>>> print(open('target_8.txt').read())   # compact mmCIF, C-alpha atoms (C1' of nucleotides)
# COMPACT_ATOMS: atom_id res chain seq x y z
CA MET A 1 18.30 27.15 11.36
CA SER A 2 21.03 24.53 11.44
CA ASP A 3 21.42 21.98 8.67
CA VAL A 4 20.59 19.17 11.00
CA GLU A 5 17.33 20.69 12.17
CA THR A 6 16.06 21.34 8.66
CA ARG A 7 17.15 17.91 7.54
CA THR A 8 15.27 16.32 10.43
CA LYS A 9 12.17 18.39 9.78
CA ILE A 10 12.17 17.22 6.16
CA LEU A 11 12.57 13.61 7.19
CA ASN A 12 9.79 13.91 9.77
CA ALA A 13 7.39 15.50 7.32
CA ALA A 14 8.18 12.99 4.59
CA GLN A 15 7.71 10.04 6.93
CA ASP A 16 4.38 11.35 8.15
CA LEU A 17 3.19 11.86 4.57
CA ILE A 18 4.24 8.39 3.44
CA GLN A 19 2.64 6.71 6.45
CA ARG A 20 -0.65 8.39 5.60
CA TRP A 21 -0.62 8.68 1.78
CA GLY A 22 2.06 6.29 0.57
CA ALA A 23 5.30 7.09 -1.24
CA ASN A 24 3.49 7.75 -4.52
CA GLY A 25 1.13 10.10 -2.72
CA MET A 26 3.95 12.08 -1.11
CA SER A 27 5.65 14.88 -3.03
CA TYR A 28 8.36 17.48 -2.50
CA GLN A 29 5.60 20.06 -2.75
CA HIS A 30 3.75 18.53 0.21
CA ILE A 31 6.94 18.37 2.26
CA SER A 32 7.66 21.97 1.34
CA GLU A 33 4.29 23.07 2.71
CA ALA A 34 4.65 21.04 5.91
CA VAL A 35 8.17 22.26 6.68
CA GLY A 36 7.82 25.86 5.47
CA ILE A 37 10.64 25.74 3.01
CA ARG A 38 10.74 26.01 -0.79
CA LYS A 39 10.70 22.93 -2.95
CA PRO A 40 14.23 23.19 -4.41
CA SER A 41 15.72 23.58 -0.94
CA ILE A 42 14.71 20.00 -0.21
CA HIS A 43 16.87 18.85 -3.12
CA HIS A 44 19.83 20.42 -1.35
CA TYR A 45 19.46 17.78 1.38
CA PHE A 46 18.04 14.94 -0.69
CA PRO A 47 18.98 15.26 -4.38
CA THR A 48 16.45 12.67 -5.48
CA LYS A 49 13.28 11.26 -3.99
CA GLU A 50 14.92 7.85 -3.89
CA ASP A 51 17.72 9.31 -1.72
CA LEU A 52 15.10 10.62 0.67
CA ILE A 53 13.21 7.35 0.90
CA GLU A 54 16.40 5.34 1.44
CA GLU A 55 17.43 7.50 4.36
CA LEU A 56 13.91 7.41 5.76
CA VAL A 57 13.84 3.63 5.74
CA ASP A 58 17.29 3.49 7.35
CA ARG A 59 16.27 5.86 10.12
CA TYR A 60 12.94 4.13 10.73
CA SER A 61 14.49 0.67 10.64
CA ASP A 62 17.30 1.63 13.05
CA TYR A 63 14.90 3.22 15.49
CA PHE A 64 12.31 0.47 15.37
CA LEU A 65 14.77 -2.39 15.67
CA LYS A 66 16.48 -0.60 18.56
CA MET A 67 13.13 -0.51 20.37
CA VAL A 68 12.64 -4.20 19.62
CA ASP A 69 16.12 -4.94 20.97
CA GLN A 70 15.33 -3.06 24.17
CA ILE A 71 12.30 -5.27 24.57
CA GLY A 72 14.26 -8.41 23.78
CA GLU A 73 17.01 -7.59 26.27
CA SER A 74 14.64 -6.60 29.07
CA GLN A 75 13.82 -8.74 32.07
CA ASP A 76 10.19 -9.01 31.02
CA SER A 77 8.51 -12.34 30.51
CA ALA A 78 8.15 -13.56 26.93
CA LYS A 79 4.45 -12.79 27.09
CA GLN A 80 5.17 -9.22 28.16
CA LYS A 81 7.78 -8.90 25.43
CA LEU A 82 5.32 -9.91 22.75
CA GLN A 83 2.72 -7.53 24.14
CA ARG A 84 5.23 -4.70 24.08
CA TYR A 85 6.21 -5.65 20.53
CA ALA A 86 2.59 -5.44 19.38
CA ALA A 87 2.30 -2.12 21.23
CA LEU A 88 5.03 -0.70 18.97
CA PHE A 89 2.67 -1.15 16.02
CA GLU A 90 -0.24 0.24 17.98
CA ALA A 91 1.81 3.32 18.84
CA THR A 92 2.57 3.83 15.15
CA LEU A 93 -1.10 3.56 14.30
CA ARG A 94 -2.13 6.30 16.69
CA ALA A 95 0.93 8.57 16.35
CA GLY A 96 -0.38 12.09 15.79
CA SER A 97 -4.03 12.79 15.11
CA GLN A 98 -4.42 10.55 12.06
CA ASP A 99 -4.01 6.82 11.75
CA LYS A 100 -0.62 5.96 10.30
CA ALA A 101 0.64 2.70 8.89
CA CYS A 102 4.09 1.27 9.57
CA LEU A 103 6.46 3.04 7.17
CA CYS A 104 7.85 -0.25 5.90
CA GLY A 105 4.42 -1.85 5.66
CA MET A 106 3.22 1.00 3.47
CA LEU A 107 6.38 0.92 1.34
CA GLY A 108 6.08 -2.86 1.06
CA ALA A 109 2.76 -2.41 -0.69
CA GLU A 110 4.40 0.02 -3.10
CA LEU A 111 7.61 -2.02 -3.39
CA ALA A 112 7.38 -2.39 -7.18
CA SER A 113 7.69 1.36 -7.68
CA LEU A 114 10.70 1.80 -5.38
CA GLY A 115 14.40 1.66 -6.20
CA ASN A 116 16.46 -1.45 -5.55
CA ASN A 117 18.29 0.07 -2.58
CA SER A 118 15.09 1.00 -0.77
CA ALA A 119 13.56 -2.38 -1.56
CA ALA A 120 16.58 -4.17 -0.09
CA LYS A 121 16.39 -2.08 3.09
CA ILE A 122 12.70 -2.88 3.47
CA ARG A 123 13.38 -6.60 3.07
CA HIS A 124 16.08 -6.25 5.72
CA PHE A 125 13.57 -4.66 8.08
CA TYR A 126 11.17 -7.57 7.59
CA ARG A 127 13.87 -10.18 8.07
CA GLU A 128 15.27 -8.61 11.24
CA ASN A 129 11.85 -8.27 12.79
CA GLU A 130 11.08 -11.92 12.13
CA LYS A 131 14.43 -12.97 13.60
CA ARG A 132 13.79 -11.10 16.83
CA LEU A 133 10.23 -12.35 17.04
CA THR A 134 11.43 -15.91 16.60
CA ARG A 135 13.70 -15.52 19.63
CA ILE A 136 10.86 -14.20 21.78
CA LEU A 137 8.62 -17.07 20.70
CA GLU A 138 11.23 -19.70 21.45
CA GLU A 139 11.90 -18.17 24.83
CA GLY A 140 8.18 -18.21 25.62
CA ARG A 141 7.82 -21.75 24.49
CA LYS A 142 10.67 -22.88 26.70
CA SER A 143 9.16 -21.10 29.71
CA ARG A 144 5.74 -22.57 28.82
CA GLU A 145 4.24 -19.09 28.55
CA PHE A 146 3.35 -19.89 24.93
CA ARG A 147 1.88 -23.18 23.88
CA PHE A 148 1.76 -23.60 20.15
CA GLU A 149 2.61 -26.37 17.74
CA GLY A 150 4.73 -25.96 14.64
CA ASP A 151 7.76 -23.97 13.60
CA SER A 152 8.62 -20.86 15.61
CA GLY A 153 10.05 -19.13 12.51
CA ALA A 154 6.80 -19.64 10.63
CA THR A 155 4.92 -18.34 13.65
CA ALA A 156 7.15 -15.27 13.76
CA ALA A 157 6.46 -14.63 10.07
CA LEU A 158 2.77 -15.07 10.80
CA ILE A 159 2.82 -12.57 13.65
CA PHE A 160 4.79 -10.01 11.66
CA SER A 161 2.46 -10.24 8.65
CA LEU A 162 -0.48 -10.07 11.02
CA LEU A 163 0.67 -6.88 12.74
CA GLU A 164 1.61 -5.17 9.46
CA GLY A 165 -1.71 -6.18 7.95
CA ALA A 166 -3.69 -5.23 11.04
CA VAL A 167 -2.28 -1.71 11.03
CA LEU A 168 -3.18 -1.24 7.35
CA ILE A 169 -6.66 -2.74 7.62
CA ALA A 170 -7.54 -1.13 10.95
CA ARG A 171 -7.10 2.33 9.42
CA ALA A 172 -10.09 1.60 7.19
CA GLN A 173 -12.26 0.38 10.03
CA ASP A 174 -12.22 0.97 13.78
CA GLY A 175 -8.58 2.02 14.09
CA VAL A 176 -6.82 1.45 17.38
CA LYS A 177 -9.81 -0.27 18.95
CA GLN A 178 -9.81 -2.93 16.27
CA PHE A 179 -6.05 -3.34 16.41
CA ARG A 180 -6.17 -3.95 20.15
CA GLY A 181 -8.82 -6.64 19.75
CA ILE A 182 -6.67 -8.45 17.21
CA ALA A 183 -3.48 -8.17 19.28
CA GLN A 184 -5.32 -9.52 22.30
CA GLN A 185 -6.72 -12.43 20.33
CA LEU A 186 -3.22 -13.22 19.09
CA MET A 187 -2.05 -13.63 22.69
CA THR A 188 -5.00 -15.91 23.32
CA LEU A 189 -4.19 -18.11 20.32
CA LEU A 190 -0.66 -18.51 21.64
CA LYS A 191 -2.19 -19.52 24.94
CA ALA A 192 -0.33 -16.69 26.59
CA MET B 1 -14.63 -5.23 -30.87
CA SER B 2 -17.79 -5.03 -28.81
CA ASP B 3 -18.17 -2.48 -26.06
CA VAL B 4 -18.27 -5.17 -23.44
CA GLU B 5 -15.03 -6.80 -24.55
CA THR B 6 -13.07 -3.54 -24.54
CA ARG B 7 -14.59 -2.54 -21.23
CA THR B 8 -13.54 -5.86 -19.74
CA LYS B 9 -10.04 -5.63 -21.16
CA ILE B 10 -9.64 -2.19 -19.60
CA LEU B 11 -10.87 -3.46 -16.24
CA ASN B 12 -8.56 -6.47 -16.37
CA ALA B 13 -5.52 -4.37 -17.26
CA ALA B 14 -6.29 -1.76 -14.59
CA GLN B 15 -6.77 -4.42 -11.92
CA ASP B 16 -3.50 -6.11 -12.80
CA LEU B 17 -1.66 -2.79 -12.67
CA ILE B 18 -3.14 -1.79 -9.31
CA GLN B 19 -2.40 -5.17 -7.76
CA ARG B 20 1.24 -4.80 -8.77
CA TRP B 21 1.89 -1.04 -8.59
CA GLY B 22 -0.93 0.41 -6.54
CA ALA B 23 -3.63 2.86 -7.62
CA ASN B 24 -1.23 5.80 -7.58
CA GLY B 25 1.21 3.83 -9.73
CA MET B 26 -1.42 2.94 -12.31
CA SER B 27 -2.22 5.39 -15.12
CA TYR B 28 -4.46 5.59 -18.17
CA GLN B 29 -1.26 5.56 -20.21
CA HIS B 30 -0.25 2.17 -18.76
CA ILE B 31 -3.71 0.75 -19.40
CA SER B 32 -3.59 2.13 -22.92
CA GLU B 33 -0.36 0.24 -23.61
CA ALA B 34 -1.62 -3.00 -22.06
CA VAL B 35 -4.94 -3.00 -23.92
CA GLY B 36 -3.75 -1.56 -27.24
CA ILE B 37 -6.10 1.38 -27.30
CA ARG B 38 -5.50 5.11 -27.13
CA LYS B 39 -5.64 6.93 -23.82
CA PRO B 40 -8.75 9.07 -24.47
CA SER B 41 -10.72 5.99 -25.54
CA ILE B 42 -10.53 4.77 -21.95
CA HIS B 43 -12.32 7.91 -20.82
CA HIS B 44 -15.22 6.87 -23.06
CA TYR B 45 -15.80 3.89 -20.75
CA PHE B 46 -14.60 5.38 -17.48
CA PRO B 47 -14.83 9.20 -17.49
CA THR B 48 -12.67 9.58 -14.39
CA LYS B 49 -10.12 7.39 -12.68
CA GLU B 50 -12.36 7.30 -9.64
CA ASP B 51 -15.15 5.83 -11.79
CA LEU B 52 -12.78 3.12 -12.94
CA ILE B 53 -11.60 2.25 -9.45
CA GLU B 54 -15.13 2.13 -8.09
CA GLU B 55 -16.22 -0.35 -10.73
CA LEU B 56 -13.06 -2.38 -10.23
CA VAL B 57 -13.69 -2.72 -6.51
CA ASP B 58 -17.32 -3.66 -7.15
CA ARG B 59 -16.37 -6.33 -9.65
CA TYR B 60 -13.57 -7.71 -7.49
CA SER B 61 -15.68 -7.66 -4.35
CA ASP B 62 -18.63 -9.41 -6.04
CA TYR B 63 -16.42 -12.09 -7.54
CA PHE B 64 -14.37 -12.70 -4.40
CA LEU B 65 -17.35 -12.82 -2.04
CA LYS B 66 -19.15 -15.17 -4.43
CA MET B 67 -16.20 -17.53 -4.21
CA VAL B 68 -16.28 -17.25 -0.43
CA ASP B 69 -19.99 -18.01 -0.43
CA GLN B 70 -19.42 -21.10 -2.54
CA ILE B 71 -16.94 -22.25 0.06
CA GLY B 72 -19.29 -21.43 2.92
CA GLU B 73 -22.23 -23.28 1.34
CA SER B 74 -20.20 -26.35 0.40
CA GLN B 75 -20.29 -29.64 2.26
CA ASP B 76 -16.65 -29.31 3.23
CA SER B 77 -15.54 -29.43 6.83
CA ALA B 78 -14.82 -26.12 8.54
CA LYS B 79 -11.13 -26.88 8.36
CA GLN B 80 -11.34 -27.45 4.62
CA LYS B 81 -13.37 -24.28 4.23
CA LEU B 82 -10.72 -22.21 5.97
CA GLN B 83 -7.99 -23.80 3.89
CA ARG B 84 -9.90 -23.02 0.71
CA TYR B 85 -10.44 -19.46 1.95
CA ALA B 86 -6.70 -18.98 2.47
CA ALA B 87 -6.12 -20.52 -0.96
CA LEU B 88 -8.13 -17.68 -2.51
CA PHE B 89 -5.46 -15.26 -1.31
CA GLU B 90 -2.70 -17.58 -2.43
CA ALA B 91 -4.26 -17.77 -5.89
CA THR B 92 -4.31 -13.97 -6.04
CA LEU B 93 -0.65 -13.83 -5.08
CA ARG B 94 0.45 -16.11 -7.89
CA ALA B 95 -2.03 -14.99 -10.56
CA GLY B 96 -0.03 -14.33 -13.71
CA SER B 97 3.74 -14.27 -13.72
CA GLN B 98 4.23 -11.60 -11.09
CA ASP B 99 3.18 -11.56 -7.46
CA LYS B 100 -0.01 -9.60 -7.00
CA ALA B 101 -1.59 -8.30 -3.82
CA CYS B 102 -5.30 -8.47 -3.07
CA LEU B 103 -6.89 -5.52 -4.90
CA CYS B 104 -8.63 -4.32 -1.76
CA GLY B 105 -5.56 -4.86 0.40
CA MET B 106 -3.51 -2.68 -1.91
CA LEU B 107 -6.24 -0.04 -2.08
CA GLY B 108 -6.60 -0.16 1.69
CA ALA B 109 -2.99 0.98 2.02
CA GLU B 110 -3.77 3.87 -0.33
CA LEU B 111 -7.19 4.55 1.17
CA ALA B 112 -6.40 8.17 2.04
CA SER B 113 -5.93 9.09 -1.62
CA LEU B 114 -9.14 7.43 -2.83
CA GLY B 115 -12.62 8.91 -3.19
CA ASN B 116 -15.31 8.34 -0.57
CA ASN B 117 -17.28 5.91 -2.72
CA SER B 118 -14.32 3.65 -3.34
CA ALA B 119 -13.33 3.82 0.32
CA ALA B 120 -16.82 2.76 1.38
CA LYS B 121 -16.78 -0.19 -1.03
CA ILE B 122 -13.42 -1.30 0.32
CA ARG B 123 -14.68 -1.15 3.90
CA HIS B 124 -17.67 -3.20 2.78
CA PHE B 125 -15.34 -5.83 1.34
CA TYR B 126 -13.48 -6.06 4.64
CA ARG B 127 -16.66 -6.29 6.70
CA GLU B 128 -18.25 -8.98 4.53
CA ASN B 129 -15.11 -11.11 4.57
CA GLU B 130 -14.94 -10.94 8.33
CA LYS B 131 -18.63 -11.87 8.62
CA ARG B 132 -18.19 -14.97 6.49
CA LEU B 133 -15.00 -15.95 8.28
CA THR B 134 -16.75 -15.64 11.62
CA ARG B 135 -19.36 -18.14 10.47
CA ILE B 136 -16.73 -20.65 9.37
CA LEU B 137 -14.90 -20.28 12.68
CA GLU B 138 -18.05 -20.80 14.74
CA GLU B 139 -18.97 -23.84 12.70
CA GLY B 140 -15.51 -25.29 13.24
CA ARG B 141 -15.62 -24.60 16.93
CA LYS B 142 -18.95 -26.34 17.27
CA SER B 143 -17.64 -29.38 15.39
CA ARG B 144 -14.45 -29.27 17.49
CA GLU B 145 -12.31 -28.96 14.37
CA PHE B 146 -11.01 -25.67 15.76
CA ARG B 147 -10.00 -25.24 19.36
CA PHE B 148 -9.36 -21.65 20.26
CA GLU B 149 -10.31 -19.40 23.14
CA GLY B 150 -11.78 -15.94 22.80
CA ASP B 151 -14.19 -14.16 20.49
CA SER B 152 -14.76 -15.67 17.04
CA GLY B 153 -15.34 -12.23 15.52
CA ALA B 154 -11.96 -11.01 16.79
CA THR B 155 -10.38 -14.19 15.44
CA ALA B 156 -12.02 -13.59 12.07
CA ALA B 157 -10.62 -10.04 12.01
CA LEU B 158 -7.24 -11.48 12.96
CA ILE B 159 -7.29 -14.02 10.13
CA PHE B 160 -8.42 -11.45 7.56
CA SER B 161 -5.69 -8.95 8.55
CA LEU B 162 -3.20 -11.80 8.56
CA LEU B 163 -4.02 -12.96 5.04
CA GLU B 164 -4.08 -9.43 3.64
CA GLY B 165 -0.78 -8.65 5.35
CA ALA B 166 0.81 -11.95 4.37
CA VAL B 167 0.08 -11.35 0.68
CA LEU B 168 1.64 -7.87 0.84
CA ILE B 169 4.69 -8.92 2.86
CA ALA B 170 5.29 -12.19 0.99
CA ARG B 171 5.75 -10.28 -2.28
CA ALA B 172 8.88 -8.71 -0.79
CA GLN B 173 10.28 -12.01 0.42
CA ASP B 174 9.72 -15.61 -0.63
CA GLY B 175 6.37 -15.15 -2.31
CA VAL B 176 4.01 -18.10 -2.48
CA LYS B 177 6.33 -20.35 -0.49
CA GLN B 178 6.28 -17.96 2.45
CA PHE B 179 2.54 -17.44 2.19
CA ARG B 180 1.92 -21.20 2.35
CA GLY B 181 4.05 -21.54 5.47
CA ILE B 182 2.06 -18.84 7.21
CA ALA B 183 -1.29 -20.25 6.14
CA GLN B 184 -0.28 -23.68 7.38
CA GLN B 185 0.87 -22.28 10.71
CA LEU B 186 -2.47 -20.52 11.06
CA MET B 187 -4.27 -23.86 10.82
CA THR B 188 -1.92 -25.24 13.44
CA LEU B 189 -2.62 -22.36 15.85
CA LEU B 190 -6.34 -23.04 15.50
CA LYS B 191 -5.57 -26.68 16.29
CA ALA B 192 -7.13 -27.64 13.00
C1' DG C 1 -16.27 4.00 -30.59
C1' DT C 2 -11.84 5.46 -31.64
C1' DC C 3 -8.82 8.68 -33.02
C1' DT C 4 -5.46 13.23 -32.96
C1' DA C 5 -4.52 17.20 -30.63
C1' DT C 6 -4.15 19.68 -26.72
C1' DA C 7 -5.33 21.97 -22.38
C1' DG C 8 -3.88 22.45 -17.66
C1' DC C 9 -1.71 20.87 -13.83
C1' DG C 10 1.67 18.65 -10.57
C1' DC C 11 5.63 16.25 -10.54
C1' DG C 12 11.02 15.66 -9.86
C1' DA C 13 14.87 18.07 -10.87
C1' DT C 14 18.34 21.86 -12.35
C1' DA C 15 20.46 26.63 -13.06
C1' DG C 16 22.00 30.39 -11.10
C1' DA C 17 21.40 34.76 -8.13
C1' DC C 18 21.99 36.11 -3.39
C1' DG D 1 21.50 27.33 2.55
C1' DT D 2 17.68 29.31 0.49
C1' DC D 3 15.61 31.51 -2.98
C1' DT D 4 13.19 32.52 -7.98
C1' DA D 5 12.63 30.83 -12.34
C1' DT D 6 12.16 27.27 -15.34
C1' DC D 7 12.66 22.82 -17.85
C1' DG D 8 10.64 18.55 -19.39
C1' DC D 9 7.73 15.05 -18.42
C1' DG D 10 3.57 12.36 -17.16
C1' DC D 11 -0.70 12.83 -15.52
C1' DT D 12 -6.17 13.31 -15.88
C1' DA D 13 -9.31 15.07 -18.75
C1' DT D 14 -11.68 17.49 -22.82
C1' DA D 15 -12.68 19.02 -27.73
C1' DG D 16 -13.80 17.74 -31.94
C1' DA D 17 -12.89 15.13 -36.47
C1' DC D 18 -13.97 10.69 -38.50
>>> encode(input="target_8.txt", output="structure tokens")
Amino acid sequence: MSDVETRTKILNAAQDLIQRWGANGMSYQHISEAVGIRKPSIHHYFPTKEDLIEELVDRYSDYFLKMVDQIGESQDSAKQKLQRYAALFEATLRAGSQDKACLCGMLGAELASLGNNSAAKIRHFYRENEKRLTRILEEGRKSREFRFEGDSGATAALIFSLLEGAVLIARAQDGVKQFRGIAQQLMTLLKA
Amino acid sequence: MSDVETRTKILNAAQDLIQRWGANGMSYQHISEAVGIRKPSIHHYFPTKEDLIEELVDRYSDYFLKMVDQIGESQDSAKQKLQRYAALFEATLRAGSQDKACLCGMLGAELASLGNNSAAKIRHFYRENEKRLTRILEEGRKSREFRFEGDSGATAALIFSLLEGAVLIARAQDGVKQFRGIAQQLMTLLKA
DNA sequence: GTCTATAGCGCGATAGAC
DNA sequence: GTCTATCGCGCTATAGAC
């Protein structure tokens, strides 16, 4: 097997484990079992657990923000853009057979036990999401698709916290069904 | 020291640790250092970690829901009630010197690694909060303090996920300041 | 009720053969 | 690049003296 394939398999397994169990609930042993490789071989690719988490956050952040950019640059209406943005979180929730949280939402909860580099990358993810959401909101306000009072930046922060929270809380209750109800109600509150 | 005092000190220390580090980041060793008691003495009060977490969730849930009930039964307007409800989360965030998450929000993220009893108690906490929020929202709608379309239950679920998420996310960014901005924007969206 | 001592395990990480 | 073997630590939990 090529380096790249094994590396990717390790990253995939680690991400899945963190999204379900958290970083402190994920171990090299668990990855080893999921990938079918011995524990020390993982250290060949990722010397320390912190190395692994940093690269995971980078990969996740790049991918997610790229999807958000695709939405932002599309010809969709602002309302459609926001719906597609919420759908990114819904897709995370129901990826695979088990409910998964957003990688950066989960790691945000465990932020205190992470290294400084990972923490900075997670903050970057939050900031960039809020920036892009702000743009969508302002566009929708201008086109009169959204009708809300107050600061669009604060509303973006609200929506981001809402979606991250909804994914975490929905896993304990009715899962995707509950998430959809909340996302729909969000659109209603924005008068979309 | 009386049994009750030591017991309470252990519970307080454990709660503080979980709210900052998560359940998987909290250990009997850490509690031991915070309380000034040896590790095995903690097992005298709480034989297993699962026992400890169960009692913690019970205590937290009882206390928090009692506060919510006080708000619900008060003579305040619905708008004031919702503001006071959000302030409960804000108070959690800035309790002590370090930013703390809601105990049940943090444990919700780690739900997969908890025992069934604890998980059930956490779900109960979520459900009861949403119930009480629904009542406040319906009251405010009737009095025309709130003006929103759609289901009040879905809006309650939205607000609860929002506040839980906001507490978790705010810890990584601007803390209380950010939380306040979001809470204020929520009131605006409800036209309160 | 609190202690010392320790069992037994899983963890992250390293050494070194192949 | 992957393996076996192993180190050293922190964890939950128990035994038993005081």
>>> atom_distance(input="target_8.txt", atom1="CA of Gly96 (chain A)", atom2="CA of Tyr60 (chain A)")
16.3 Å
>>> interface_residues(input="target_8.txt", of="chain D", to="chain A", cutoff="12 Å", atoms="all atoms listed in the file", output="PyMOL selection string")
chain D and resi 1-6
>>> closest_residue(input="target_8.txt", among="C:DT6, C:DG1, C:DC11, C:DG16", to="chain B", atoms="all atoms listed in the file")
C:DG1
>>> residues_around(input="target_8.txt", residues="DG8 (chain C)", least_positions_apart="4", cutoff="12 Å", atoms="all atoms listed in the file", output="list in words")
DC11, DT12, DA13 and DT14 of chain D
>>> write_last_selection(input="target_8.txt", atoms="C-alpha atoms (C1' of nucleotides)", output="short mmCIF file (atom, residue, chain, number, x, y, z; two decimals), keeping the file's coordinate frame")
data_model
loop_
_atom_site.label_atom_id
_atom_site.label_comp_id
_atom_site.auth_asym_id
_atom_site.auth_seq_id
_atom_site.Cartn_x
_atom_site.Cartn_y
_atom_site.Cartn_z
"C1'" DC D 11 -0.70 12.83 -15.52
"C1'" DT D 12 -6.17 13.31 -15.88
"C1'" DA D 13 -9.31 15.07 -18.75
"C1'" DT D 14 -11.68 17.49 -22.82
#
>>> interface_residues(input="target_8.txt", of="chain B", to="chain A", cutoff="6 Å", atoms="only C-alpha atoms", output="list of chain:residue names")
B:Trp21, B:Asn24, B:Ala109, B:Ala112, B:Ala154, B:Leu158, B:Ser161, B:Leu162, B:Glu164, B:Gly165, B:Ala166, B:Leu168, B:Ile182
>>> residues_near_point(input="target_8.txt", point="(8.8, -18.3, 24.7)", cutoff="10 Å", atoms="all atoms listed in the file", output="ChimeraX atom specification")
/A:77-79,81-82,133-148,152,190,192
>>> residues_around(input="target_8.txt", residues="DG8 (chain D)", least_positions_apart="6", cutoff="12 Å", atoms="all atoms listed in the file", output="PyMOL selection string")
chain C and resi 11-14
>>> atom_distance(input="target_8.txt", atom1="CA of Lys131 (chain A)", atom2="CA of Ile71 (chain A)")
13.6 Å
>>> interface_residues(input="target_8.txt", of="chain A", to="chain C", cutoff="9 Å", atoms="only C-alpha atoms (C1' of nucleotides)", output="PyMOL selection string")
chain A and resi 27-29+40+43+47-49
>>> closest_residue(input="target_8.txt", among="B:Asp58, B:Asp99, B:Asp76, B:Glu90", to="Lys121 (chain B)", atoms="only C-alpha atoms")
B:Asp58
>>> axis_aligned_box(input="target_8.txt", around="chain C", padding_each_side="4 Å", output="AutoDock Vina command-line options")
--center_x 2.9 --center_y 20.1 --center_z -18.2 --size_x 46.3 --size_y 40.1 --size_z 37.6
>>> atom_distance(input="target_8.txt", atom1="CA of Ala14 (chain B)", atom2="CA of Asn117 (chain B)")
17.9 Å
>>> decode(input="target_8.txt", residues="region 134-167 of chain A", atoms="C-alpha atoms", output="PDB file, in the first residue's frame")
ATOM      1  CA  THR A 134     -21.944  37.299   7.447  1.00  0.00           C
ATOM      2  CA  ARG A 135     -21.576  37.825   3.697  1.00  0.00           C
ATOM      3  CA  ILE A 136     -24.518  35.552   2.931  1.00  0.00           C
ATOM      4  CA  LEU A 137     -26.658  37.346   5.494  1.00  0.00           C
ATOM      5  CA  GLU A 138     -25.814  40.782   4.144  1.00  0.00           C
ATOM      6  CA  GLU A 139     -26.526  39.647   0.621  1.00  0.00           C
ATOM      7  CA  GLY A 140     -29.904  38.284   1.712  1.00  0.00           C
ATOM      8  CA  ARG A 141     -30.751  41.416   3.569  1.00  0.00           C
ATOM      9  CA  LYS A 142     -29.976  43.559   0.555  1.00  0.00           C
ATOM     10  CA  SER A 143     -32.153  41.373  -1.677  1.00  0.00           C
ATOM     11  CA  ARG A 144     -34.890  41.425   1.003  1.00  0.00           C
ATOM     12  CA  GLU A 145     -34.827  37.637   1.240  1.00  0.00           C
ATOM     13  CA  PHE A 146     -33.937  38.007   4.924  1.00  0.00           C
ATOM     14  CA  ARG A 147     -35.623  40.483   7.183  1.00  0.00           C
ATOM     15  CA  PHE A 148     -33.930  40.787  10.530  1.00  0.00           C
ATOM     16  CA  GLU A 149     -32.905  43.652  12.752  1.00  0.00           C
ATOM     17  CA  GLY A 150     -29.492  44.052  14.321  1.00  0.00           C
ATOM     18  CA  ASP A 151     -25.906  43.347  13.382  1.00  0.00           C
ATOM     19  CA  SER A 152     -25.261  40.808  10.629  1.00  0.00           C
ATOM     20  CA  GLY A 153     -21.975  39.724  12.255  1.00  0.00           C
ATOM     21  CA  ALA A 154     -23.755  38.946  15.507  1.00  0.00           C
ATOM     22  CA  THR A 155     -26.397  37.059  13.544  1.00  0.00           C
ATOM     23  CA  ALA A 156     -23.691  35.063  11.782  1.00  0.00           C
ATOM     24  CA  ALA A 157     -22.138  34.172  15.139  1.00  0.00           C
ATOM     25  CA  LEU A 158     -25.592  33.194  16.346  1.00  0.00           C
ATOM     26  CA  ILE A 159     -26.217  30.920  13.375  1.00  0.00           C
ATOM     27  CA  PHE A 160     -22.806  29.283  13.632  1.00  0.00           C
ATOM     28  CA  SER A 161     -23.180  28.584  17.363  1.00  0.00           C
ATOM     29  CA  LEU A 162     -26.688  27.339  16.688  1.00  0.00           C
ATOM     30  CA  LEU A 163     -25.630  24.833  14.023  1.00  0.00           C
ATOM     31  CA  GLU A 164     -22.652  23.574  16.043  1.00  0.00           C
ATOM     32  CA  GLY A 165     -24.846  23.241  19.118  1.00  0.00           C
ATOM     33  CA  ALA A 166     -27.703  21.642  17.213  1.00  0.00           C
ATOM     34  CA  VAL A 167     -25.450  18.916  15.843  1.00  0.00           C
TER      35      VAL A 167
END
